[in-house]
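K.L.:
What follows is upload-v1.pdb, made up of PDB, C-alpha atoms and all ligand atoms:
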ATOM      1  CA  MET A1183      35.244  48.923-109.908
ATOM      2  CA  ALA A1184      38.306  49.476-112.140
ATOM      3  CA  GLU A1185      37.068  46.693-114.426
ATOM      4  CA  GLU A1186      33.650  48.330-114.628
ATOM      5  CA  ASP A1187      35.271  51.639-115.541
ATOM      6  CA  ASP A1188      37.338  49.973-118.269
ATOM      7  CA  ASP A1189      34.163  48.675-119.850
ATOM      8  CA  LEU A1190      32.314  51.969-119.609
ATOM      9  CA  ASP A1191      31.285  53.218-123.032
ATOM     10  CA  LEU A1192      30.821  56.963-122.758
ATOM     11  CA  ARG A1193      28.632  56.937-125.872
ATOM     12  CA  GLU A1194      26.030  54.828-124.115
ATOM     13  CA  LEU A1195      25.423  57.513-121.489
ATOM     14  CA  ASP A1196      22.789  60.164-121.894
ATOM     15  CA  ASP A1197      23.894  63.806-121.678
ATOM     16  CA  ASP A1198      23.391  64.202-117.926
ATOM     17  CA  GLU A1199      25.172  60.925-117.144
ATOM     18  CA  LEU A1200      27.999  61.805-119.488
ATOM     19  CA  VAL A1201      28.536  65.212-117.895
ATOM     20  CA  GLU A1202      28.486  63.549-114.467
ATOM     21  CA  GLN A1203      31.028  60.977-115.677
ATOM     22  CA  MET A1204      33.230  63.708-117.152
ATOM     23  CA  MET A1205      33.327  65.478-113.805
ATOM     24  CA  ASP A1206      34.464  62.199-112.222
ATOM     25  CA  ASP A1207      37.047  61.704-114.967
ATOM     26  CA  LEU A1208      38.343  65.235-114.525
ATOM     27  CA  TYR A1209      38.609  64.601-110.802
ATOM     28  CA  ASP A1210      40.617  61.451-111.586
ATOM     29  CA  GLY A1211      42.809  63.287-114.099
ATOM     30  CA  LEU A1212      41.787  61.076-117.029
ATOM     31  CA  LYS A1213      42.716  63.215-120.009
ATOM     32  CA  ASP A1214      41.795  60.714-122.766
ATOM     33  CA  GLU A1215      38.330  60.272-121.308
ATOM     34  CA  ILE A1216      37.841  64.030-121.062
ATOM     35  CA  VAL A1217      38.871  64.442-124.688
ATOM     36  CA  GLU A1218      36.417  61.711-125.706
ATOM     37  CA  GLY A1219      33.631  63.213-123.603
ATOM     38  CA  VAL A1220      34.137  66.625-125.195
ATOM     39  CA  GLU A1221      34.056  65.067-128.668
ATOM     40  CA  ILE A1222      30.834  63.219-127.907
ATOM     41  CA  LEU A1223      29.092  66.334-126.580
ATOM     42  CA  LEU A1224      30.180  68.244-129.680
ATOM     43  CA  GLU A1225      28.738  65.476-131.878
ATOM     44  CA  ARG A1226      25.502  65.778-129.921
ATOM     45  CA  GLY A1227      25.269  69.454-130.798
ATOM     46  CA  TRP A1228      26.426  71.014-127.541
ATOM     47  CA  THR A1229      27.999  74.446-127.951
ATOM     48  CA  PRO A1230      31.704  74.672-127.046
ATOM     49  CA  TYR A1231      30.806  77.226-124.377
ATOM     50  CA  ASP A1232      28.289  74.927-122.684
ATOM     51  CA  ILE A1233      30.759  72.042-122.703
ATOM     52  CA  LEU A1234      33.393  74.275-121.177
ATOM     53  CA  THR A1235      31.234  75.698-118.433
ATOM     54  CA  LYS A1236      28.904  72.790-117.623
ATOM     55  CA  SER A1237      31.439  69.972-117.615
ATOM     56  CA  LEU A1238      35.022  71.246-117.402
ATOM     57  CA  VAL A1239      34.692  74.381-115.271
ATOM     58  CA  ALA A1240      32.029  72.780-113.074
ATOM     59  CA  GLY A1241      34.265  69.716-112.604
ATOM     60  CA  MET A1242      37.249  71.868-111.724
ATOM     61  CA  LYS A1243      35.169  73.582-109.042
ATOM     62  CA  ILE A1244      34.782  70.221-107.267
ATOM     63  CA  VAL A1245      38.523  69.594-107.599
ATOM     64  CA  GLY A1246      39.175  73.026-106.104
ATOM     65  CA  ASP A1247      36.837  72.452-103.171
ATOM     66  CA  ASP A1248      38.486  69.133-102.317
ATOM     67  CA  PHE A1249      41.955  70.655-102.738
ATOM     68  CA  ARG A1250      40.947  73.349-100.251
ATOM     69  CA  ASP A1251      39.615  70.761 -97.832
ATOM     70  CA  GLY A1252      42.765  68.641 -97.940
ATOM     71  CA  ILE A1253      41.114  65.730 -99.757
ATOM     72  CA  LEU A1254      43.164  66.229-102.946
ATOM     73  CA  PHE A1255      46.819  67.240-103.155
ATOM     74  CA  VAL A1256      48.984  69.041-105.720
ATOM     75  CA  PRO A1257      49.839  65.962-107.886
ATOM     76  CA  GLU A1258      46.155  65.055-108.277
ATOM     77  CA  VAL A1259      45.211  68.650-109.003
ATOM     78  CA  LEU A1260      47.927  68.837-111.654
ATOM     79  CA  LEU A1261      46.511  65.737-113.306
ATOM     80  CA  ALA A1262      43.034  67.252-113.232
ATOM     81  CA  ALA A1263      44.406  70.480-114.719
ATOM     82  CA  ASN A1264      46.133  68.473-117.441
ATOM     83  CA  ALA A1265      42.892  66.662-118.256
ATOM     84  CA  MET A1266      41.064  69.984-118.397
ATOM     85  CA  LYS A1267      43.673  71.371-120.789
ATOM     86  CA  GLY A1268      43.119  68.330-123.047
ATOM     87  CA  GLY A1269      39.457  69.276-123.326
ATOM     88  CA  MET A1270      40.206  72.968-123.735
ATOM     89  CA  ALA A1271      42.598  72.235-126.623
ATOM     90  CA  ILE A1272      39.682  70.824-128.644
ATOM     91  CA  LEU A1273      37.338  73.655-127.734
ATOM     92  CA  LYS A1274      39.766  76.506-128.362
ATOM     93  CA  PRO A1275      39.629  76.588-132.186
ATOM     94  CA  LEU A1276      35.847  76.251-132.025
ATOM     95  CA  LEU A1277      35.471  79.155-129.640
ATOM     96  CA  VAL A1278      37.815  81.200-131.789
ATOM     97  CA  GLU A1279      36.411  80.487-135.249
ATOM     98  CA  THR A1280      33.600  82.993-135.246
ATOM     99  CA  GLY A1281      35.143  85.172-137.921
ATOM    100  CA  ALA A1282      33.978  88.167-135.917
ATOM    101  CA  PRO A1283      35.610  91.518-136.713
ATOM    102  CA  ARG A1284      38.630  92.398-134.569
ATOM    103  CA  LEU A1285      37.364  94.341-131.600
ATOM    104  CA  GLY A1286      40.680  95.278-130.022
ATOM    105  CA  LYS A1287      43.844  93.756-128.679
ATOM    106  CA  LEU A1288      44.374  92.259-125.235
ATOM    107  CA  VAL A1289      47.565  91.362-123.414
ATOM    108  CA  ILE A1290      46.859  88.940-120.601
ATOM    109  CA  GLY A1291      48.989  87.091-118.066
ATOM    110  CA  THR A1292      49.112  85.768-114.532
ATOM    111  CA  VAL A1293      51.003  87.969-112.086
ATOM    112  CA  LYS A1294      54.437  87.457-110.599
ATOM    113  CA  GLY A1295      54.662  84.574-108.146
ATOM    114  CA  ASP A1296      51.570  82.855-109.517
ATOM    115  CA  ILE A1297      51.618  79.832-111.817
ATOM    116  CA  HIS A1298      47.875  79.225-112.224
ATOM    117  CA  ASP A1299      47.019  79.599-115.899
ATOM    118  CA  ILE A1300      43.802  77.703-116.605
ATOM    119  CA  GLY A1301      41.518  80.658-115.930
ATOM    120  CA  GLN A1302      43.467  83.112-118.031
ATOM    121  CA  ASN A1303      43.745  80.581-120.860
ATOM    122  CA  LEU A1304      39.995  80.308-120.760
ATOM    123  CA  VAL A1305      39.615  84.083-120.829
ATOM    124  CA  SER A1306      42.035  84.222-123.791
ATOM    125  CA  MET A1307      39.995  81.671-125.710
ATOM    126  CA  MET A1308      36.703  83.395-125.047
ATOM    127  CA  MET A1309      38.117  86.795-125.958
ATOM    128  CA  GLU A1310      39.518  85.418-129.219
ATOM    129  CA  GLY A1311      36.194  83.759-129.870
ATOM    130  CA  ALA A1312      34.465  87.085-129.398
ATOM    131  CA  GLY A1313      36.748  88.776-131.933
ATOM    132  CA  PHE A1314      39.576  90.240-129.857
ATOM    133  CA  GLU A1315      43.225  89.677-130.705
ATOM    134  CA  VAL A1316      45.010  88.196-127.714
ATOM    135  CA  ARG A1317      48.604  87.886-126.654
ATOM    136  CA  ASN A1318      48.786  85.540-123.698
ATOM    137  CA  ILE A1319      52.091  86.092-121.912
ATOM    138  CA  GLY A1320      51.650  83.142-119.567
ATOM    139  CA  ILE A1321      52.462  82.908-115.883
ATOM    140  CA  ASN A1322      54.661  84.637-113.313
ATOM    141  CA  ASN A1323      54.774  88.047-114.998
ATOM    142  CA  ALA A1324      56.674  90.981-113.564
ATOM    143  CA  VAL A1325      55.499  94.503-114.347
ATOM    144  CA  GLU A1326      58.067  94.886-117.160
ATOM    145  CA  ALA A1327      56.689  91.841-118.973
ATOM    146  CA  TYR A1328      53.198  93.334-119.049
ATOM    147  CA  LEU A1329      54.333  96.789-120.120
ATOM    148  CA  ASP A1330      56.713  95.490-122.808
ATOM    149  CA  ALA A1331      53.992  93.286-124.270
ATOM    150  CA  LEU A1332      51.448  96.133-124.274
ATOM    151  CA  LYS A1333      53.862  98.358-126.211
ATOM    152  CA  GLU A1334      55.013  95.640-128.595
ATOM    153  CA  GLU A1335      51.461  94.698-129.472
ATOM    154  CA  GLY A1336      49.969  98.175-129.525
ATOM    155  CA  ALA A1337      47.261  96.667-127.337
ATOM    156  CA  GLU A1338      44.352  98.587-125.848
ATOM    157  CA  ILE A1339      43.511  96.209-123.000
ATOM    158  CA  LEU A1340      45.566  94.749-120.175
ATOM    159  CA  GLY A1341      44.235  91.664-118.422
ATOM    160  CA  MET A1342      45.783  90.376-115.227
ATOM    161  CA  SER A1343      44.971  87.147-113.436
ATOM    162  CA  ALA A1344      45.810  86.048-109.877
ATOM    163  CA  LEU A1345      44.627  82.970-108.012
ATOM    164  CA  LEU A1346      46.419  83.468-104.721
ATOM    165  CA  THR A1347      45.672  85.967-101.988
ATOM    166  CA  THR A1348      49.455  86.401-101.736
ATOM    167  CA  THR A1349      49.884  87.351-105.408
ATOM    168  CA  MET A1350      46.812  89.496-106.039
ATOM    169  CA  PRO A1351      48.386  92.624-104.479
ATOM    170  CA  TYR A1352      50.959  92.551-107.292
ATOM    171  CA  MET A1353      48.244  93.813-109.634
ATOM    172  CA  LYS A1354      48.432  97.114-107.805
ATOM    173  CA  VAL A1355      52.192  97.236-108.382
ATOM    174  CA  VAL A1356      51.568  96.988-112.121
ATOM    175  CA  ILE A1357      48.847  99.658-112.104
ATOM    176  CA  ASP A1358      50.882 101.995-109.883
ATOM    177  CA  THR A1359      53.817 101.664-112.282
ATOM    178  CA  MET A1360      51.548 102.567-115.174
ATOM    179  CA  VAL A1361      50.410 105.645-113.255
ATOM    180  CA  GLU A1362      54.036 106.615-112.515
ATOM    181  CA  GLN A1363      54.895 106.289-116.186
ATOM    182  CA  GLY A1364      51.882 108.385-117.174
ATOM    183  CA  ILE A1365      50.399 105.597-119.309
ATOM    184  CA  ARG A1366      47.608 104.334-117.040
ATOM    185  CA  ASP A1367      44.816 106.027-118.986
ATOM    186  CA  ASP A1368      46.093 104.706-122.306
ATOM    187  CA  TYR A1369      44.775 101.260-121.433
ATOM    188  CA  ILE A1370      41.693  99.485-120.201
ATOM    189  CA  VAL A1371      42.791  97.367-117.227
ATOM    190  CA  LEU A1372      40.745  94.277-116.397
ATOM    191  CA  VAL A1373      41.502  91.948-113.513
ATOM    192  CA  GLY A1374      40.217  88.537-112.529
ATOM    193  CA  GLY A1375      40.846  85.402-110.519
ATOM    194  CA  ALA A1376      39.042  83.425-107.850
ATOM    195  CA  PRO A1377      40.151  85.408-104.747
ATOM    196  CA  LEU A1378      39.359  88.840-106.227
ATOM    197  CA  ASN A1379      36.164  90.825-106.039
ATOM    198  CA  GLU A1380      34.703  94.056-107.294
ATOM    199  CA  GLU A1381      35.875  96.021-104.284
ATOM    200  CA  PHE A1382      39.469  94.854-104.737
ATOM    201  CA  GLY A1383      39.356  95.794-108.416
ATOM    202  CA  LYS A1384      38.239  99.311-107.513
ATOM    203  CA  ALA A1385      40.746  99.654-104.666
ATOM    204  CA  ILE A1386      43.738  98.915-106.887
ATOM    205  CA  GLY A1387      42.550 101.227-109.671
ATOM    206  CA  ALA A1388      41.516  98.675-112.290
ATOM    207  CA  ASP A1389      38.757  99.579-114.743
ATOM    208  CA  ALA A1390      36.855  96.423-113.897
ATOM    209  CA  TYR A1391      36.905  93.126-112.048
ATOM    210  CA  CYS A1392      35.675  90.232-114.199
ATOM    211  CA  ARG A1393      34.058  87.329-112.375
ATOM    212  CA  ASP A1394      34.500  84.917-115.256
ATOM    213  CA  ALA A1395      35.493  84.674-118.899
ATOM    214  CA  ALA A1396      32.038  85.600-120.196
ATOM    215  CA  VAL A1397      31.981  88.731-118.028
ATOM    216  CA  ALA A1398      35.501  89.567-119.264
ATOM    217  CA  VAL A1399      34.257  89.495-122.867
ATOM    218  CA  GLU A1400      31.197  91.635-122.136
ATOM    219  CA  THR A1401      33.186  94.122-120.069
ATOM    220  CA  ALA A1402      35.933  94.437-122.685
ATOM    221  CA  LYS A1403      33.334  95.049-125.420
ATOM    222  CA  GLU A1404      31.533  97.651-123.346
ATOM    223  CA  LEU A1405      34.669  99.540-122.289
ATOM    224  CA  MET A1406      36.106  99.476-125.833
ATOM    225  CA  ALA A1407      32.836 100.908-127.164
ATOM    226  CA  ARG A1408      32.938 103.628-124.511
ATOM    227  CA  LYS A1409      36.577 104.413-125.377
ATOM    228  CA  HIS A1410      35.735 104.740-129.072
ATOM    229  CA  ASN A1411      32.827 107.060-128.289
ATOM    230  CA  GLN A1412      35.089 109.259-126.171
ATOM    231  CA  THR A1413      37.800 109.499-128.829
ATOM    232  CA  GLY A1414      35.218 110.283-131.468
TER
HETATM  233 CO1  LIG A1501      46.328  76.159-106.679
HETATM  234  N1  LIG A1501      45.361  77.148-105.282
HETATM  235  N2  LIG A1501      47.918  76.294-105.683
HETATM  236  N3  LIG A1501      47.027  74.976-108.053
HETATM  237  N4  LIG A1501      44.517  75.855-107.341
HETATM  238  C1  LIG A1501      43.916  77.499-105.614
HETATM  239  C2  LIG A1501      43.835  78.864-106.292
HETATM  240  C3  LIG A1501      43.278  77.498-104.148
HETATM  241  C4  LIG A1501      42.064  78.427-104.005
HETATM  242  C5  LIG A1501      42.950  76.059-103.752
HETATM  243  C6  LIG A1501      42.269  75.951-102.416
HETATM  244  O1  LIG A1501      42.929  76.048-101.394
HETATM  245  N5  LIG A1501      40.984  75.764-102.448
HETATM  246  C7  LIG A1501      44.505  77.945-103.272
HETATM  247  C8  LIG A1501      44.660  79.448-103.041
HETATM  248  C9  LIG A1501      44.285  79.873-101.642
HETATM  249  C10 LIG A1501      44.484  81.326-101.455
HETATM  250  O2  LIG A1501      45.346  81.974-101.939
HETATM  251  N6  LIG A1501      43.592  81.855-100.659
HETATM  252  C11 LIG A1501      45.669  77.366-104.071
HETATM  253  C12 LIG A1501      46.957  77.118-103.544
HETATM  254  C13 LIG A1501      47.132  77.345-102.059
HETATM  255  C14 LIG A1501      48.036  76.672-104.339
HETATM  256  C15 LIG A1501      49.485  76.412-103.894
HETATM  257  C16 LIG A1501      50.086  77.463-102.955
HETATM  258  C17 LIG A1501      49.493  74.997-103.293
HETATM  259  C18 LIG A1501      50.804  74.549-102.736
HETATM  260  O3  LIG A1501      51.788  74.472-103.421
HETATM  261  N7  LIG A1501      50.752  74.303-101.449
HETATM  262  C19 LIG A1501      50.226  76.396-105.249
HETATM  263  C20 LIG A1501      50.680  77.804-105.663
HETATM  264  C21 LIG A1501      51.651  77.803-106.802
HETATM  265  C22 LIG A1501      51.885  79.212-107.314
HETATM  266  O4  LIG A1501      51.080  79.731-108.059
HETATM  267  N8  LIG A1501      52.965  79.833-106.893
HETATM  268  C23 LIG A1501      49.135  75.916-106.152
HETATM  269  C24 LIG A1501      49.364  75.121-107.279
HETATM  270  C25 LIG A1501      48.371  74.660-108.111
HETATM  271  C26 LIG A1501      48.627  73.668-109.246
HETATM  272  C27 LIG A1501      49.958  73.877-109.951
HETATM  273  C28 LIG A1501      48.577  72.276-108.658
HETATM  274  C29 LIG A1501      47.352  73.870-110.142
HETATM  275  C30 LIG A1501      47.508  74.931-111.255
HETATM  276  C31 LIG A1501      47.676  74.313-112.609
HETATM  277  C32 LIG A1501      47.554  75.349-113.699
HETATM  278  O5  LIG A1501      46.891  76.371-113.592
HETATM  279  N9  LIG A1501      48.224  75.069-114.787
HETATM  280  C33 LIG A1501      46.365  74.462-109.116
HETATM  281  C34 LIG A1501      44.959  74.509-109.317
HETATM  282  C35 LIG A1501      44.433  73.808-110.559
HETATM  283  C36 LIG A1501      44.099  75.158-108.407
HETATM  284  C37 LIG A1501      42.547  75.170-108.377
HETATM  285  C38 LIG A1501      42.107  73.794-107.856
HETATM  286  C39 LIG A1501      41.804  75.440-109.658
HETATM  287  C40 LIG A1501      42.178  76.736-110.353
HETATM  288  C41 LIG A1501      41.540  76.735-111.716
HETATM  289  O6  LIG A1501      42.185  76.421-112.693
HETATM  290  N10 LIG A1501      40.221  76.988-111.732
HETATM  291  C42 LIG A1501      42.244  76.355-107.346
HETATM  292  C43 LIG A1501      40.954  76.205-106.584
HETATM  293  C44 LIG A1501      39.849  77.109-107.118
HETATM  294  O7  LIG A1501      40.091  78.144-107.721
HETATM  295  N11 LIG A1501      38.664  76.707-106.871
HETATM  296  C45 LIG A1501      43.539  76.491-106.649
HETATM  297  C46 LIG A1501      39.431  76.913-112.959
HETATM  298  C47 LIG A1501      39.488  78.265-113.673
HETATM  299  C48 LIG A1501      38.636  78.155-114.935
HETATM  300  O8  LIG A1501      38.945  79.249-112.818
HETATM  301  O9  LIG A1501      41.181  80.382-112.474
HETATM  302  O10 LIG A1501      39.126  81.161-111.193
HETATM  303  P1  LIG A1501      39.723  80.611-112.419
HETATM  304  O11 LIG A1501      39.409  81.591-113.636
HETATM  305  C49 LIG A1501      38.115  82.089-113.910
HETATM  306  C50 LIG A1501      37.788  83.407-113.199
HETATM  307  O12 LIG A1501      38.458  83.594-111.980
HETATM  308  C51 LIG A1501      38.099  84.468-114.226
HETATM  309  O13 LIG A1501      37.726  83.821-115.439
HETATM  310  C52 LIG A1501      38.133  82.451-115.378
HETATM  311  C53 LIG A1501      37.242  81.654-116.268
HETATM  312  O14 LIG A1501      35.882  81.786-115.976
HETATM  313  N12 LIG A1501      39.449  84.971-114.393
HETATM  314  C54 LIG A1501      39.690  86.136-115.087
HETATM  315  C55 LIG A1501      40.645  84.471-114.032
HETATM  316  N13 LIG A1501      41.641  85.244-114.455
HETATM  317  C56 LIG A1501      41.093  86.276-115.121
HETATM  318  C57 LIG A1501      41.677  87.380-115.756
HETATM  319  C58 LIG A1501      40.852  88.294-116.370
HETATM  320  C59 LIG A1501      39.450  88.136-116.328
HETATM  321  C60 LIG A1501      38.862  87.059-115.688
HETATM  322  O15 LIG A1501      41.449  89.324-116.998
HETATM  323  C61 LIG A1501      40.763  89.981-117.960
END
Is it possible to express this structure as structure tokens?

P.N.:
Amino acid sequence: MAEEDDDLDLRELDDDELVEQMMDDLYDGLKDEIVEGVEILLERGWTPYDILTKSLVAGMKIVGDDFRDGILFVPEVLLAANAMKGGMAILKPLLVETGAPRLGKLVIGTVKGDIHDIGQNLVSMMMEGAGFEVRNIGINNAVEAYLDALKEEGAEILGMSALLTTTMPYMKVVIDTMVEQGIRDDYIVLVGGAPLNEEFGKAIGADAYCRDAAVAVETAKELMARKHNQTG
């Protein structure tokens, strides 16, 4: 089997087979193969967004399901995440290079206690691609880190990400602090992450819950337009 894999020429596969193979390679944490697969799909005229969603994100969903079911463990998932990042690194400049006018500035980061960053990196890329300026403050952010970055950047939008049911309540800590400081209404607050839902977003006082990166872009555009209309 290993020998067969060594001989496998990704270029000989048709699109469906290649995407299938890329999902397997992501599962196996094979970064070089993922990079090659992404390059081939680009050569074949696939859009960066389709490559991202139909091969990388779809492949990571399978990894996540097997992680949940105890079939994969942290080291394997880390390898898969690393392979995914290899593919994302190629797609990022392509998603960003639209030359669209700046639509606003976003500060985004994963909340305190949480080190998952793939989703928020994806959101950052898509937002940049859509014409927003983005400062990605990474993982494990306490409330001060968010508020300092918002002030430093003069940003209009705060994005928070959480992937754990144990860390998602921290989003409310950040929003409550903004309320206490009288600055809540100065910003559009968007939240996202696999365990969240619309109801949670409302309950903690966010402006919107975003199911995925594409929804984050649409929601940010819509709320920025509304904000501009209100302020004249
Ligand atoms: Co973790 N992990 N993990 N993990 N991990 C999950 C989240 C889990 C659901 C797996 C499972 O059991 N099925 C589970 C959480 C269960 C729960 O809380 N109910 C879990 C667990 C338990 C853990 C540990 C506790 C495991 C352990 O140590 N025992 C540990 C926690 C560490 C910590 O954070 N303190 C842990 C560790 C890890 C790794 C380090 C191994 C690795 C992270 C690597 C990295 O990010 N650099 C990892 C991974 C990769 C996952 C899964 C498999 C994949 C997450 C991912 O990247 N998805 C995940 C299973 C899953 O989610 N299916 C899992 C792909 C990404 C594109 O999707 O992040 O959902 P997502 O982002 C989407 C949307 O949610 C949305 O847009 C994105 C793009 O479309 N979105 C936003 C996200 N943030 C947004 C912000 C916005 C807007 C939209 O603001 C504007």

K.L.:
Do a neighbour search on Ala1337 in chain A at 10 Å with all atoms listed in the file, toss out local chain neighbours closer than 4 positions, and write the hits as a list in words.

P.N.:
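Everything that qualifies: Gly1286, Lys1287, Leu1288, Val1289, Glu1315, Val1316, Arg1317, Ala1331, Leu1332, Lys1333, Asp1368, Tyr1369 and Ile1370 of chain A.
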
K.L.:
Counting only C-alpha atoms and all ligand atoms, what are the residues of chain A within 6 Å of ligand LIG 1501 (chain A), and for each of them which pair of atoms is the nearest and at what distance in Å, to one decimal? Sort the table by chain and rising number, as CSV.

P.N.:
residue,atom,partner,partner_atom,distance
A:Val1239,CA,A:LIG1501,C48,5.5
A:Met1242,CA,A:LIG1501,C46,5.6
A:Lys1243,CA,A:LIG1501,N11,5.2
A:Val1245,CA,A:LIG1501,C38,5.5
A:Gly1246,CA,A:LIG1501,C38,3.5
A:Asp1247,CA,A:LIG1501,N5,5.4
A:Phe1249,CA,A:LIG1501,N5,5.2
A:Arg1250,CA,A:LIG1501,N5,3.3
A:Val1256,CA,A:LIG1501,C28,4.4
A:Val1259,CA,A:LIG1501,C28,5.0
A:Leu1260,CA,A:LIG1501,C28,4.6
A:Ala1263,CA,A:LIG1501,C35,5.3
A:Gly1295,CA,A:LIG1501,N8,5.2
A:Asp1296,CA,A:LIG1501,O4,3.5
A:Ile1297,CA,A:LIG1501,O4,3.8
A:His1298,CA,A:LIG1501,O5,3.3
A:Asp1299,CA,A:LIG1501,O5,4.0
A:Ile1300,CA,A:LIG1501,O6,4.4
A:Gly1301,CA,A:LIG1501,O11,3.3
A:Gln1302,CA,A:LIG1501,N13,4.5
A:Leu1304,CA,A:LIG1501,C53,5.4
A:Val1305,CA,A:LIG1501,C53,5.7
A:Gly1341,CA,A:LIG1501,C61,3.9
A:Met1342,CA,A:LIG1501,O15,4.8
A:Ser1343,CA,A:LIG1501,N13,4.0
A:Leu1345,CA,A:LIG1501,C2,4.5
A:Leu1346,CA,A:LIG1501,O2,3.3
A:Thr1347,CA,A:LIG1501,O2,4.0
A:Leu1372,CA,A:LIG1501,C61,4.6
A:Val1373,CA,A:LIG1501,O15,4.4
A:Gly1374,CA,A:LIG1501,C54,3.5
A:Gly1375,CA,A:LIG1501,O12,3.3
A:Ala1376,CA,A:LIG1501,O10,4.0
A:Cys1392,CA,A:LIG1501,C60,4.7
A:Arg1393,CA,A:LIG1501,C51,5.3
A:Asp1394,CA,A:LIG1501,O13,3.4
A:Ala1395,CA,A:LIG1501,O14,4.1
A:Ala1398,CA,A:LIG1501,C59,5.1

K.L.:
Using all atoms listed in the file, determine which residues lie at most 12 Å from range 1205-1220 of chain A, disregarding the query and same-chain residues fewer than 6 positions distant; provide the list as a ChimeraX atom specification.

P.N.:
/A:1187-1188,1190-1199,1226-1249,1253-1274,1276

K.L.:
Can you tell me how far CA of Lys1354 in chain A sits from CA of Leu1329 in chain A, in Å to one decimal?

P.N.:
13.7 Å

K.L.:
Using Å and a single decimal, report how far CA of Ala1344 in chain A sits from CA of Gly1320 in chain A.

P.N.:
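We find that CA of Gly1320 in chain A and CA of Ala1344 in chain A lie 11.7 Å from each other.
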
K.L.:
Apply the PyMOL selection byres (((chain A and resi 1386-1388) around 7) and not hetatm) to the file shown and report the selected residues as a PyMOL selection string.

P.N.:
chain A and resi 1354+1357+1371-1373+1382-1385+1389-1390

K.L.:
Between A:Glu1326, A:Val1355, A:Leu1340, A:Leu1277, which residue has the minimum interatomic distance to Asp1367 in chain A, considering all atoms listed in the file?

P.N.:
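Closest residue, counting all atoms listed in the file: A:Leu1340.
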
K.L.:
Enter the distance from CA of Gln1412 in chain A to CA of Met1307 in chain A, in Å, rounded to one decimal.

P.N.:
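These atoms are spaced 28.0 Å apart.
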
K.L.:
From the list A:Ala1324, A:Ile1339, A:Val1293, A:Val1201, which residue is nearest Leu1405 in chain A when using only C-alpha atoms?

P.N.:
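Under the stated criterion, the closest residue is A:Ile1339.
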
K.L.:
Return the single residue from A:Met1350, A:Gly1364, A:Lys1294, A:Asp1358 that is closest to Asn1379 in chain A, with distances computed using only C-alpha atoms.

P.N.:
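Answer, going by the shortest atom-to-atom distance: A:Met1350.
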